[in-house]
$ cat final-v7.cif   # mmCIF, C-alpha atoms
data_input
loop_
_atom_site.group_PDB
_atom_site.id
_atom_site.type_symbol
_atom_site.label_atom_id
_atom_site.label_comp_id
_atom_site.auth_asym_id
_atom_site.auth_seq_id
_atom_site.Cartn_x
_atom_site.Cartn_y
_atom_site.Cartn_z
ATOM 1 C CA MET A 1 7.279 -50.751 -83.427
ATOM 2 C CA ALA A 2 7.997 -52.785 -86.566
ATOM 3 C CA ALA A 3 6.857 -51.317 -89.872
ATOM 4 C CA ALA A 4 3.127 -51.885 -90.416
ATOM 5 C CA ARG A 5 2.235 -54.567 -92.911
ATOM 6 C CA HIS A 6 0.731 -53.562 -96.236
ATOM 7 C CA HIS A 7 -3.038 -54.102 -96.514
ATOM 8 C CA ARG A 8 -5.420 -54.609 -99.401
ATOM 9 C CA PHE A 9 -8.379 -52.369 -98.651
ATOM 10 C CA LEU A 10 -11.494 -53.916 -100.209
ATOM 11 C CA SER A 11 -13.817 -50.978 -100.634
ATOM 12 C CA ALA A 12 -16.081 -48.891 -102.879
ATOM 13 C CA TRP A 13 -15.789 -45.155 -103.411
ATOM 14 C CA PHE A 14 -19.447 -44.511 -102.576
ATOM 15 C CA CYS A 15 -19.838 -46.507 -99.345
ATOM 16 C CA PRO A 16 -19.964 -44.437 -96.121
ATOM 17 C CA PHE A 17 -19.135 -47.491 -94.009
ATOM 18 C CA ALA A 18 -15.973 -48.132 -96.020
ATOM 19 C CA HIS A 19 -15.262 -44.389 -95.904
ATOM 20 C CA ARG A 20 -14.693 -44.812 -92.161
ATOM 21 C CA ALA A 21 -11.865 -47.268 -92.711
ATOM 22 C CA HIS A 22 -10.418 -45.105 -95.491
ATOM 23 C CA ILE A 23 -10.077 -42.134 -93.130
ATOM 24 C CA ALA A 24 -8.553 -44.333 -90.430
ATOM 25 C CA LEU A 25 -6.005 -45.742 -92.867
ATOM 26 C CA GLU A 26 -4.962 -42.213 -93.788
ATOM 27 C CA LEU A 27 -4.855 -41.139 -90.142
ATOM 28 C CA THR A 28 -2.801 -44.079 -88.892
ATOM 29 C CA GLY A 29 -0.447 -44.182 -91.869
ATOM 30 C CA VAL A 30 -0.886 -47.921 -92.392
ATOM 31 C CA PRO A 31 0.199 -48.775 -95.976
ATOM 32 C CA TYR A 32 -2.733 -49.858 -98.145
ATOM 33 C CA GLU A 33 -3.973 -50.465 -101.668
ATOM 34 C CA PHE A 34 -7.531 -49.345 -102.460
ATOM 35 C CA VAL A 35 -9.298 -52.213 -104.264
ATOM 36 C CA ASP A 36 -12.730 -51.618 -105.821
ATOM 37 C CA SER A 37 -14.658 -54.651 -104.667
ATOM 38 C CA LEU A 38 -18.346 -53.742 -104.799
ATOM 39 C CA GLY A 39 -20.446 -51.998 -107.411
ATOM 40 C CA TRP A 40 -23.801 -51.997 -109.170
ATOM 41 C CA THR A 41 -25.386 -53.842 -112.065
ATOM 42 C CA LEU A 42 -28.805 -53.125 -113.621
ATOM 43 C CA ARG A 43 -31.256 -56.038 -113.749
ATOM 44 C CA GLY A 44 -34.428 -54.953 -115.468
ATOM 45 C CA GLU A 45 -35.429 -51.782 -113.620
ATOM 46 C CA GLU A 46 -33.531 -52.547 -110.395
ATOM 47 C CA TRP A 47 -29.936 -52.006 -109.334
ATOM 48 C CA HIS A 48 -28.195 -54.897 -107.577
ATOM 49 C CA HIS A 49 -24.743 -55.118 -106.062
ATOM 50 C CA TRP A 50 -21.962 -57.049 -107.706
ATOM 51 C CA LYS A 51 -19.262 -58.269 -105.350
ATOM 52 C CA SER A 52 -15.769 -59.330 -106.302
ATOM 53 C CA PRO A 53 -14.681 -62.949 -105.737
ATOM 54 C CA GLU A 54 -11.923 -61.638 -103.458
ATOM 55 C CA LEU A 55 -14.491 -59.840 -101.296
ATOM 56 C CA LEU A 56 -16.750 -62.877 -100.985
ATOM 57 C CA ALA A 57 -13.791 -65.096 -100.136
ATOM 58 C CA ALA A 58 -12.605 -62.679 -97.447
ATOM 59 C CA ASN A 59 -16.034 -61.878 -95.985
ATOM 60 C CA PRO A 60 -18.881 -64.283 -96.814
ATOM 61 C CA ARG A 61 -21.417 -61.541 -95.947
ATOM 62 C CA GLY A 62 -20.061 -59.558 -98.883
ATOM 63 C CA THR A 63 -19.960 -56.282 -96.960
ATOM 64 C CA ILE A 64 -17.235 -53.664 -96.934
ATOM 65 C CA PRO A 65 -14.825 -52.482 -95.638
ATOM 66 C CA VAL A 66 -12.428 -55.415 -95.494
ATOM 67 C CA LEU A 67 -8.747 -55.155 -94.597
ATOM 68 C CA LEU A 68 -6.497 -57.922 -95.877
ATOM 69 C CA PRO A 69 -3.014 -57.803 -94.344
ATOM 70 C CA GLU A 70 -0.113 -59.557 -95.975
ATOM 71 C CA ARG A 71 0.134 -63.066 -94.548
ATOM 72 C CA GLY A 72 -2.851 -62.438 -92.299
ATOM 73 C CA ARG A 73 -6.571 -62.992 -91.907
ATOM 74 C CA ALA A 74 -9.322 -60.671 -93.079
ATOM 75 C CA VAL A 75 -10.696 -57.965 -90.794
ATOM 76 C CA TYR A 76 -14.144 -56.541 -91.539
ATOM 77 C CA GLU A 77 -16.996 -54.388 -90.165
ATOM 78 C CA SER A 78 -16.176 -50.696 -90.018
ATOM 79 C CA GLN A 79 -15.822 -50.198 -86.257
ATOM 80 C CA VAL A 80 -13.804 -53.400 -85.939
ATOM 81 C CA CYS A 81 -11.485 -52.128 -88.686
ATOM 82 C CA LEU A 82 -10.973 -48.854 -86.809
ATOM 83 C CA GLU A 83 -10.078 -50.617 -83.566
ATOM 84 C CA TYR A 84 -7.802 -53.004 -85.462
ATOM 85 C CA LEU A 85 -5.936 -50.113 -87.093
ATOM 86 C CA HIS A 86 -5.559 -48.437 -83.709
ATOM 87 C CA ASP A 87 -4.127 -51.612 -82.197
ATOM 88 C CA LEU A 88 -1.474 -51.859 -84.899
ATOM 89 C CA ASN A 89 0.240 -48.857 -83.298
ATOM 90 C CA PRO A 90 -1.612 -47.731 -80.154
ATOM 91 C CA GLU A 91 1.231 -45.487 -78.996
ATOM 92 C CA ALA A 92 0.870 -43.264 -82.058
ATOM 93 C CA SER A 93 -2.844 -43.642 -82.865
ATOM 94 C CA THR A 94 -5.395 -41.112 -81.586
ATOM 95 C CA LEU A 95 -8.424 -43.268 -82.421
ATOM 96 C CA LEU A 96 -8.894 -44.561 -78.873
ATOM 97 C CA PRO A 97 -7.705 -43.123 -75.550
ATOM 98 C CA SER A 98 -5.474 -45.153 -73.262
ATOM 99 C CA ASP A 99 -7.835 -45.170 -70.255
ATOM 100 C CA SER A 100 -10.600 -47.761 -69.926
ATOM 101 C CA PHE A 101 -13.407 -45.264 -69.336
ATOM 102 C CA GLY A 102 -12.427 -43.183 -72.352
ATOM 103 C CA ARG A 103 -12.396 -46.270 -74.581
ATOM 104 C CA ALA A 104 -15.766 -47.384 -73.223
ATOM 105 C CA ARG A 105 -17.265 -43.961 -73.934
ATOM 106 C CA GLN A 106 -15.916 -43.992 -77.492
ATOM 107 C CA ARG A 107 -17.647 -47.328 -78.084
ATOM 108 C CA THR A 108 -20.900 -46.191 -76.467
ATOM 109 C CA VAL A 109 -21.093 -42.997 -78.521
ATOM 110 C CA SER A 110 -20.154 -44.920 -81.678
ATOM 111 C CA GLU A 111 -23.156 -47.179 -81.081
ATOM 112 C CA PHE A 112 -25.336 -44.083 -80.623
ATOM 113 C CA VAL A 113 -24.002 -42.712 -83.919
ATOM 114 C CA ASN A 114 -24.897 -45.907 -85.772
ATOM 115 C CA ARG A 115 -28.409 -46.148 -84.368
ATOM 116 C CA ARG A 116 -29.454 -42.517 -84.042
ATOM 117 C CA ILE A 117 -27.589 -40.677 -86.806
ATOM 118 C CA CYS A 118 -26.708 -43.149 -89.562
ATOM 119 C CA SER A 119 -29.927 -45.198 -89.569
ATOM 120 C CA PRO A 120 -32.293 -42.171 -89.744
ATOM 121 C CA TYR A 121 -30.304 -40.945 -92.759
ATOM 122 C CA TYR A 122 -31.328 -44.093 -94.642
ATOM 123 C CA ASP A 123 -34.914 -43.902 -93.371
ATOM 124 C CA ILE A 124 -35.274 -40.412 -94.861
ATOM 125 C CA LEU A 125 -33.646 -41.435 -98.117
ATOM 126 C CA VAL A 126 -35.315 -44.819 -98.672
ATOM 127 C CA LYS A 127 -38.757 -44.789 -97.050
ATOM 128 C CA ARG A 128 -41.630 -43.827 -99.333
ATOM 129 C CA GLY A 129 -44.046 -42.255 -96.845
ATOM 130 C CA THR A 130 -43.692 -38.511 -96.220
ATOM 131 C CA SER A 131 -44.811 -38.808 -92.590
ATOM 132 C CA GLU A 132 -42.219 -41.527 -91.967
ATOM 133 C CA ARG A 133 -39.496 -39.388 -93.497
ATOM 134 C CA LYS A 134 -40.482 -36.374 -91.395
ATOM 135 C CA ALA A 135 -40.473 -38.422 -88.193
ATOM 136 C CA SER A 136 -37.033 -39.820 -89.029
ATOM 137 C CA PHE A 137 -35.729 -36.327 -89.764
ATOM 138 C CA GLN A 138 -36.899 -35.067 -86.382
ATOM 139 C CA GLU A 139 -35.175 -38.050 -84.764
ATOM 140 C CA LEU A 140 -32.020 -37.197 -86.687
ATOM 141 C CA LEU A 141 -32.102 -33.547 -85.571
ATOM 142 C CA ALA A 142 -32.598 -34.542 -81.930
ATOM 143 C CA SER A 143 -29.604 -36.867 -82.194
ATOM 144 C CA LEU A 144 -27.468 -34.190 -83.836
ATOM 145 C CA ARG A 145 -28.320 -31.781 -81.020
ATOM 146 C CA LYS A 146 -27.180 -34.356 -78.489
ATOM 147 C CA PHE A 147 -23.997 -35.043 -80.459
ATOM 148 C CA SER A 148 -23.431 -31.298 -80.769
ATOM 149 C CA SER A 149 -23.823 -30.756 -77.016
ATOM 150 C CA GLN A 150 -21.163 -33.375 -76.280
ATOM 151 C CA THR A 151 -18.624 -32.175 -78.858
ATOM 152 C CA VAL A 152 -15.626 -30.544 -77.175
ATOM 153 C CA GLY A 153 -14.220 -28.999 -80.358
ATOM 154 C CA PRO A 154 -12.764 -28.825 -82.812
ATOM 155 C CA PHE A 155 -13.337 -32.598 -82.823
ATOM 156 C CA PHE A 156 -15.621 -34.693 -80.663
ATOM 157 C CA ALA A 157 -13.154 -35.279 -77.811
ATOM 158 C CA GLY A 158 -10.898 -32.276 -78.354
ATOM 159 C CA ASP A 159 -7.906 -31.550 -80.551
ATOM 160 C CA GLU A 160 -7.419 -35.026 -82.053
ATOM 161 C CA LEU A 161 -9.542 -37.226 -84.293
ATOM 162 C CA THR A 162 -10.979 -40.211 -82.457
ATOM 163 C CA MET A 163 -13.104 -43.197 -83.387
ATOM 164 C CA VAL A 164 -16.366 -41.326 -82.757
ATOM 165 C CA ASP A 165 -15.411 -38.617 -85.260
ATOM 166 C CA ILE A 166 -14.713 -41.176 -87.946
ATOM 167 C CA MET A 167 -17.820 -43.224 -87.193
ATOM 168 C CA ALA A 168 -20.036 -40.139 -87.544
ATOM 169 C CA PHE A 169 -18.448 -38.151 -90.345
ATOM 170 C CA PRO A 170 -19.139 -40.141 -93.548
ATOM 171 C CA HIS A 171 -22.917 -40.025 -93.099
ATOM 172 C CA CYS A 172 -22.908 -36.438 -91.795
ATOM 173 C CA PHE A 173 -20.903 -35.349 -94.839
ATOM 174 C CA ARG A 174 -23.624 -36.888 -97.019
ATOM 175 C CA PHE A 175 -26.538 -34.940 -95.498
ATOM 176 C CA PHE A 176 -26.603 -32.728 -98.612
ATOM 177 C CA VAL A 177 -28.265 -35.716 -100.285
ATOM 178 C CA LEU A 178 -31.368 -35.368 -98.112
ATOM 179 C CA GLU A 179 -32.072 -31.771 -99.104
ATOM 180 C CA HIS A 180 -31.406 -32.553 -102.767
ATOM 181 C CA TYR A 181 -33.776 -35.531 -103.016
ATOM 182 C CA ARG A 182 -36.312 -34.815 -100.258
ATOM 183 C CA GLY A 183 -36.485 -31.018 -100.381
ATOM 184 C CA PRO A 184 -35.449 -28.008 -98.283
ATOM 185 C CA ALA A 185 -37.528 -29.177 -95.306
ATOM 186 C CA PHE A 186 -34.914 -31.925 -94.855
ATOM 187 C CA ALA A 187 -31.888 -29.631 -94.684
ATOM 188 C CA VAL A 188 -30.047 -29.616 -91.357
ATOM 189 C CA PRO A 189 -30.548 -26.033 -90.045
ATOM 190 C CA THR A 190 -27.434 -23.888 -90.226
ATOM 191 C CA ASP A 191 -28.773 -21.071 -88.032
ATOM 192 C CA GLU A 192 -29.854 -23.087 -84.993
ATOM 193 C CA GLU A 193 -27.714 -22.256 -81.964
ATOM 194 C CA GLU A 194 -27.747 -25.800 -80.565
ATOM 195 C CA LEU A 195 -26.284 -27.128 -83.804
ATOM 196 C CA GLN A 196 -23.404 -24.675 -84.139
ATOM 197 C CA PRO A 197 -20.869 -27.040 -82.479
ATOM 198 C CA PHE A 198 -21.957 -29.717 -84.975
ATOM 199 C CA HIS A 199 -21.427 -27.419 -87.962
ATOM 200 C CA ARG A 200 -18.007 -26.322 -86.669
ATOM 201 C CA TRP A 201 -17.109 -29.983 -86.165
ATOM 202 C CA LEU A 202 -18.241 -30.881 -89.689
ATOM 203 C CA LYS A 203 -16.126 -28.091 -91.181
ATOM 204 C CA ALA A 204 -13.076 -29.125 -89.137
ATOM 205 C CA MET A 205 -13.509 -32.736 -90.218
ATOM 206 C CA THR A 206 -13.848 -31.832 -93.892
ATOM 207 C CA GLN A 207 -10.610 -29.845 -93.760
ATOM 208 C CA HIS A 208 -8.559 -32.405 -91.816
ATOM 209 C CA PRO A 209 -5.587 -33.676 -93.876
ATOM 210 C CA SER A 210 -6.549 -37.311 -93.243
ATOM 211 C CA VAL A 211 -10.128 -36.692 -94.358
ATOM 212 C CA ALA A 212 -9.898 -34.317 -97.327
ATOM 213 C CA PRO A 213 -8.247 -36.862 -99.709
ATOM 214 C CA THR A 214 -11.029 -39.387 -99.038
ATOM 215 C CA LEU A 215 -14.025 -37.189 -99.898
ATOM 216 C CA PRO A 216 -16.213 -38.307 -102.813
ATOM 217 C CA ASP A 217 -17.234 -35.775 -105.438
ATOM 218 C CA LYS A 218 -20.666 -34.473 -104.434
ATOM 219 C CA GLN A 219 -22.257 -34.515 -107.898
ATOM 220 C CA ARG A 220 -20.958 -37.996 -108.581
ATOM 221 C CA TYR A 221 -22.359 -39.107 -105.242
ATOM 222 C CA LEU A 222 -25.759 -37.551 -105.953
ATOM 223 C CA ASP A 223 -25.879 -39.463 -109.232
ATOM 224 C CA HIS A 224 -24.954 -42.663 -107.424
ATOM 225 C CA VAL A 225 -27.437 -42.354 -104.567
ATOM 226 C CA ARG A 226 -30.397 -41.575 -106.836
ATOM 227 C CA LYS A 227 -31.101 -45.305 -106.950
ATOM 228 C CA TYR A 228 -31.835 -45.216 -103.205
ATOM 229 C CA ALA A 229 -34.040 -42.147 -103.521
ATOM 230 C CA ASP A 230 -36.114 -43.607 -106.384
ATOM 231 C CA ALA A 231 -36.379 -47.069 -104.765
ATOM 232 C CA THR A 232 -34.504 -49.004 -107.466
ATOM 233 C CA ALA A 233 -31.529 -49.950 -105.259
ATOM 234 C CA ARG A 234 -31.377 -53.507 -103.962
ATOM 235 C CA SER A 235 -28.713 -53.646 -101.260
ATOM 236 C CA LYS A 236 -28.538 -54.931 -97.689
ATOM 237 C CA VAL A 237 -29.190 -51.457 -96.278
ATOM 238 C CA ALA A 238 -31.993 -50.548 -98.701
ATOM 239 C CA ASN A 239 -33.672 -53.932 -98.297
ATOM 240 C CA ALA A 240 -33.554 -53.679 -94.499
ATOM 241 C CA VAL A 241 -35.155 -50.218 -94.466
ATOM 242 C CA ARG A 242 -37.854 -51.201 -96.955
ATOM 243 C CA GLY A 243 -38.536 -54.240 -94.773
ATOM 244 C CA GLY A 244 -39.292 -52.023 -91.792
ATOM 245 C CA ARG A 245 -35.968 -52.433 -90.001
ATOM 246 C CA ALA A 246 -33.238 -49.937 -89.235
ATOM 247 C CA ALA A 247 -30.171 -49.844 -91.463
ATOM 248 C CA HIS A 248 -27.979 -51.061 -88.602
ATOM 249 C CA ASP A 249 -30.203 -54.165 -88.316
ATOM 250 C CA MET A 250 -29.481 -55.496 -91.806
ATOM 251 C CA ASP A 251 -28.730 -59.211 -91.871
ATOM 252 C CA ASP A 252 -27.342 -61.894 -94.162
ATOM 253 C CA GLU A 253 -30.729 -62.527 -95.765
ATOM 254 C CA ASP A 254 -31.056 -58.958 -97.084
#
$ encode --input "final-v7.cif" --output "structure tokens"
Amino acid sequence: MAAARHHRFLSAWFCPFAHRAHIALELTGVPYEFVDSLGWTLRGEEWHHWKSPELLAANPRGTIPVLLPERGRAVYESQVCLEYLHDLNPEASTLLPSDSFGRARQRTVSEFVNRRICSPYYDILVKRGTSERKASFQELLASLRKFSSQTVGPFFAGDELTMVDIMAFPHCFRFFVLEHYRGPAFAVPTDEEELQPFHRWLKAMTQHPSVAPTLPDKQRYLDHVRKYADATARSKVANAVRGGRAAHDMDDED
């Protein structure tokens, strides 16, 4: 295989969706430059995103991650970026298996992760009603039990990191936010037998050499995400959840 082209990685340190692509870049060894392309600005009492001109030119939706290869077209949406990085060197990448069924299962479980693990995280963090938060937390726990039951160990499909691991990890790593802002009743239980494979998986992921360099500082992240917890954030995800939709159903009007 020819040497992989260098990529500009349009990202933001705090974004769990961009975090997926960051891990995959480290795992696949594709050369990249991290480019801060999305941040926050205070307007009155509300926080709104600012987006770099380069980001808006590459992806009119203004979402991250975006991969910009030299002399190539932009690639965006986190799962698409993962599959793209795999396809740059499929012989060496562990993101997707070579067999059709294995690839199909990776995509199916990744969709489950988005809908049943990532979206409830935002419901708990953003929604104002206590009963709504509690219902979303129970949905999250049920989904984590299912994920846990299907995890081979140490990673989801065995000894190697795959797409499912990277799709799930950034939000799972951030679960400490829920206990901090919503109280101890929203902590994922550490003593529940059904969840032990999940906790072992989370520890293995955190220690993986392609993951450890990408981890945000927890206190810095808590400071950042306060704007979601106190309802002053105005972003596509926050707007979707406040509008009664799931985070994965955000659209261009949000």
$ resolve_selection --input "final-v7.cif" --expression "the PyMOL selection byres ((chain A and resi 171-181) around 7)" --output "compact mmCIF listing (two decimals) with C-alpha atoms, in the coordinates of the input"
# COMPACT_ATOMS: atom_id res chain seq x y z
CA PRO A 16 -19.96 -44.44 -96.12
CA CYS A 118 -26.71 -43.15 -89.56
CA LEU A 125 -33.65 -41.44 -98.12
CA ALA A 168 -20.04 -40.14 -87.54
CA PHE A 169 -18.45 -38.15 -90.34
CA PRO A 170 -19.14 -40.14 -93.55
CA ARG A 182 -36.31 -34.82 -100.26
CA GLY A 183 -36.48 -31.02 -100.38
CA PRO A 184 -35.45 -28.01 -98.28
CA PHE A 186 -34.91 -31.92 -94.86
CA ALA A 187 -31.89 -29.63 -94.68
CA LEU A 222 -25.76 -37.55 -105.95
CA ALA A 229 -34.04 -42.15 -103.52
$ atom_distance --input "final-v7.cif" --atom1 "CA of Ser110 in chain A" --atom2 "CA of Val164 in chain A"
5.3 Å
$ resolve_selection --input "final-v7.cif" --expression "the PyMOL selection byres ((chain A and resi 141) around 10)" --output "PyMOL selection string"
chain A and resi 116-117+120+136-140+142-147+186-189+195
$ atom_distance --input "final-v7.cif" --atom1 "CA of Gly72 in chain A" --atom2 "CA of Arg8 in chain A"
10.9 Å
$ atom_distance --input "final-v7.cif" --atom1 "CA of Thr108 in chain A" --atom2 "CA of Glu160 in chain A"
18.4 Å
$ closest_residue --input "final-v7.cif" --among "A:Gly129, A:Gly153, A:Gly29, A:Gly39" --to "Ala92 in chain A" --atoms "all atoms listed in the file"
A:Gly29
$ residues_near_point --input "final-v7.cif" --point "(-11.7, -34.8, -92.5)" --cutoff "10 Å" --atoms "only C-alpha atoms" --output "PyMOL selection string"
chain A and resi 23+27+161+165-166+169-170+173+201-215
$ closest_residue --input "final-v7.cif" --among "A:Cys15, A:Ala233, A:Val126, A:Leu68" --to "Cys81 in chain A" --atoms "all atoms listed in the file"
A:Leu68
$ closest_residue --input "final-v7.cif" --among "A:Tyr76, A:Leu25, A:Trp47, A:Asp230" --to "Arg61 in chain A" --atoms "only C-alpha atoms"
A:Tyr76
$ resolve_selection --input "final-v7.cif" --expression "the PyMOL selection byres ((chain A and resi 49) around 8)" --output "number ranges by chain"
A: 38-41, 47-48, 50-51, 234-235
$ closest_residue --input "final-v7.cif" --among "A:Asn114, A:Gln106, A:Gln79, A:Ser119" --to "Ala157 in chain A" --atoms "only C-alpha atoms"
A:Gln106
$ axis_aligned_box --input "final-v7.cif" --around "range 18-34 of chain A" --padding-each-side "4 Å" --output "AutoDock Vina command-line options"
--center_x -7.9 --center_y -45.8 --center_z -95.7 --size_x 24.2 --size_y 17.3 --size_z 21.6
$ build_atoms --input "final-v7.cif" --residues "range 136-157 of chain A" --atoms "N, CA and C atoms" --output "PDB file, in the coordinates of the input"
ATOM      1  N   SER A 136     -38.448 -39.434 -89.071  1.00  0.00           N
ATOM      2  CA  SER A 136     -37.033 -39.820 -89.029  1.00  0.00           C
ATOM      3  C   SER A 136     -36.132 -38.595 -89.025  1.00  0.00           C
ATOM      4  N   PHE A 137     -36.541 -37.545 -89.739  1.00  0.00           N
ATOM      5  CA  PHE A 137     -35.729 -36.327 -89.764  1.00  0.00           C
ATOM      6  C   PHE A 137     -35.729 -35.653 -88.394  1.00  0.00           C
ATOM      7  N   GLN A 138     -36.860 -35.642 -87.728  1.00  0.00           N
ATOM      8  CA  GLN A 138     -36.899 -35.067 -86.382  1.00  0.00           C
ATOM      9  C   GLN A 138     -36.044 -35.886 -85.416  1.00  0.00           C
ATOM     10  N   GLU A 139     -36.053 -37.199 -85.574  1.00  0.00           N
ATOM     11  CA  GLU A 139     -35.175 -38.050 -84.764  1.00  0.00           C
ATOM     12  C   GLU A 139     -33.712 -37.724 -85.044  1.00  0.00           C
ATOM     13  N   LEU A 140     -33.390 -37.538 -86.315  1.00  0.00           N
ATOM     14  CA  LEU A 140     -32.020 -37.197 -86.687  1.00  0.00           C
ATOM     15  C   LEU A 140     -31.603 -35.872 -86.061  1.00  0.00           C
ATOM     16  N   LEU A 141     -32.448 -34.851 -86.137  1.00  0.00           N
ATOM     17  CA  LEU A 141     -32.102 -33.547 -85.571  1.00  0.00           C
ATOM     18  C   LEU A 141     -31.904 -33.637 -84.063  1.00  0.00           C
ATOM     19  N   ALA A 142     -32.760 -34.382 -83.380  1.00  0.00           N
ATOM     20  CA  ALA A 142     -32.598 -34.542 -81.930  1.00  0.00           C
ATOM     21  C   ALA A 142     -31.263 -35.201 -81.607  1.00  0.00           C
ATOM     22  N   SER A 143     -30.875 -36.173 -82.415  1.00  0.00           N
ATOM     23  CA  SER A 143     -29.604 -36.867 -82.194  1.00  0.00           C
ATOM     24  C   SER A 143     -28.422 -35.952 -82.487  1.00  0.00           C
ATOM     25  N   LEU A 144     -28.544 -35.132 -83.521  1.00  0.00           N
ATOM     26  CA  LEU A 144     -27.468 -34.190 -83.836  1.00  0.00           C
ATOM     27  C   LEU A 144     -27.316 -33.143 -82.740  1.00  0.00           C
ATOM     28  N   ARG A 145     -28.420 -32.729 -82.141  1.00  0.00           N
ATOM     29  CA  ARG A 145     -28.320 -31.781 -81.020  1.00  0.00           C
ATOM     30  C   ARG A 145     -27.583 -32.417 -79.841  1.00  0.00           C
ATOM     31  N   LYS A 146     -27.878 -33.668 -79.582  1.00  0.00           N
ATOM     32  CA  LYS A 146     -27.180 -34.356 -78.489  1.00  0.00           C
ATOM     33  C   LYS A 146     -25.698 -34.499 -78.809  1.00  0.00           C
ATOM     34  N   PHE A 147     -25.387 -34.920 -80.031  1.00  0.00           N
ATOM     35  CA  PHE A 147     -23.997 -35.043 -80.459  1.00  0.00           C
ATOM     36  C   PHE A 147     -23.301 -33.693 -80.354  1.00  0.00           C
ATOM     37  N   SER A 148     -23.986 -32.649 -80.793  1.00  0.00           N
ATOM     38  CA  SER A 148     -23.431 -31.298 -80.769  1.00  0.00           C
ATOM     39  C   SER A 148     -23.118 -30.864 -79.340  1.00  0.00           C
ATOM     40  N   SER A 149     -24.008 -31.181 -78.406  1.00  0.00           N
ATOM     41  CA  SER A 149     -23.823 -30.756 -77.016  1.00  0.00           C
ATOM     42  C   SER A 149     -22.645 -31.451 -76.353  1.00  0.00           C
ATOM     43  N   GLN A 150     -22.256 -32.609 -76.874  1.00  0.00           N
ATOM     44  CA  GLN A 150     -21.163 -33.375 -76.280  1.00  0.00           C
ATOM     45  C   GLN A 150     -19.831 -33.164 -76.997  1.00  0.00           C
ATOM     46  N   THR A 151     -19.841 -32.396 -78.084  1.00  0.00           N
ATOM     47  CA  THR A 151     -18.624 -32.175 -78.858  1.00  0.00           C
ATOM     48  C   THR A 151     -17.771 -31.106 -78.191  1.00  0.00           C
ATOM     49  N   VAL A 152     -16.534 -31.462 -77.861  1.00  0.00           N
ATOM     50  CA  VAL A 152     -15.626 -30.544 -77.175  1.00  0.00           C
ATOM     51  C   VAL A 152     -15.119 -29.484 -78.136  1.00  0.00           C
ATOM     52  N   GLY A 153     -14.742 -29.891 -79.330  1.00  0.00           N
ATOM     53  CA  GLY A 153     -14.220 -28.999 -80.358  1.00  0.00           C
ATOM     54  C   GLY A 153     -12.699 -28.957 -80.356  1.00  0.00           C
ATOM     55  N   PRO A 154     -12.092 -28.826 -81.508  1.00  0.00           N
ATOM     56  CA  PRO A 154     -12.764 -28.825 -82.812  1.00  0.00           C
ATOM     57  C   PRO A 154     -13.346 -30.186 -83.188  1.00  0.00           C
ATOM     58  N   PHE A 155     -12.819 -31.261 -82.559  1.00  0.00           N
ATOM     59  CA  PHE A 155     -13.337 -32.598 -82.823  1.00  0.00           C
ATOM     60  C   PHE A 155     -14.118 -33.084 -81.611  1.00  0.00           C
ATOM     61  N   PHE A 156     -14.691 -34.252 -81.699  1.00  0.00           N
ATOM     62  CA  PHE A 156     -15.621 -34.693 -80.663  1.00  0.00           C
ATOM     63  C   PHE A 156     -15.000 -34.653 -79.269  1.00  0.00           C
ATOM     64  N   ALA A 157     -13.785 -35.184 -79.127  1.00  0.00           N
ATOM     65  CA  ALA A 157     -13.154 -35.279 -77.811  1.00  0.00           C
ATOM     66  C   ALA A 157     -12.076 -34.227 -77.588  1.00  0.00           C
TER      67      ALA A 157
END
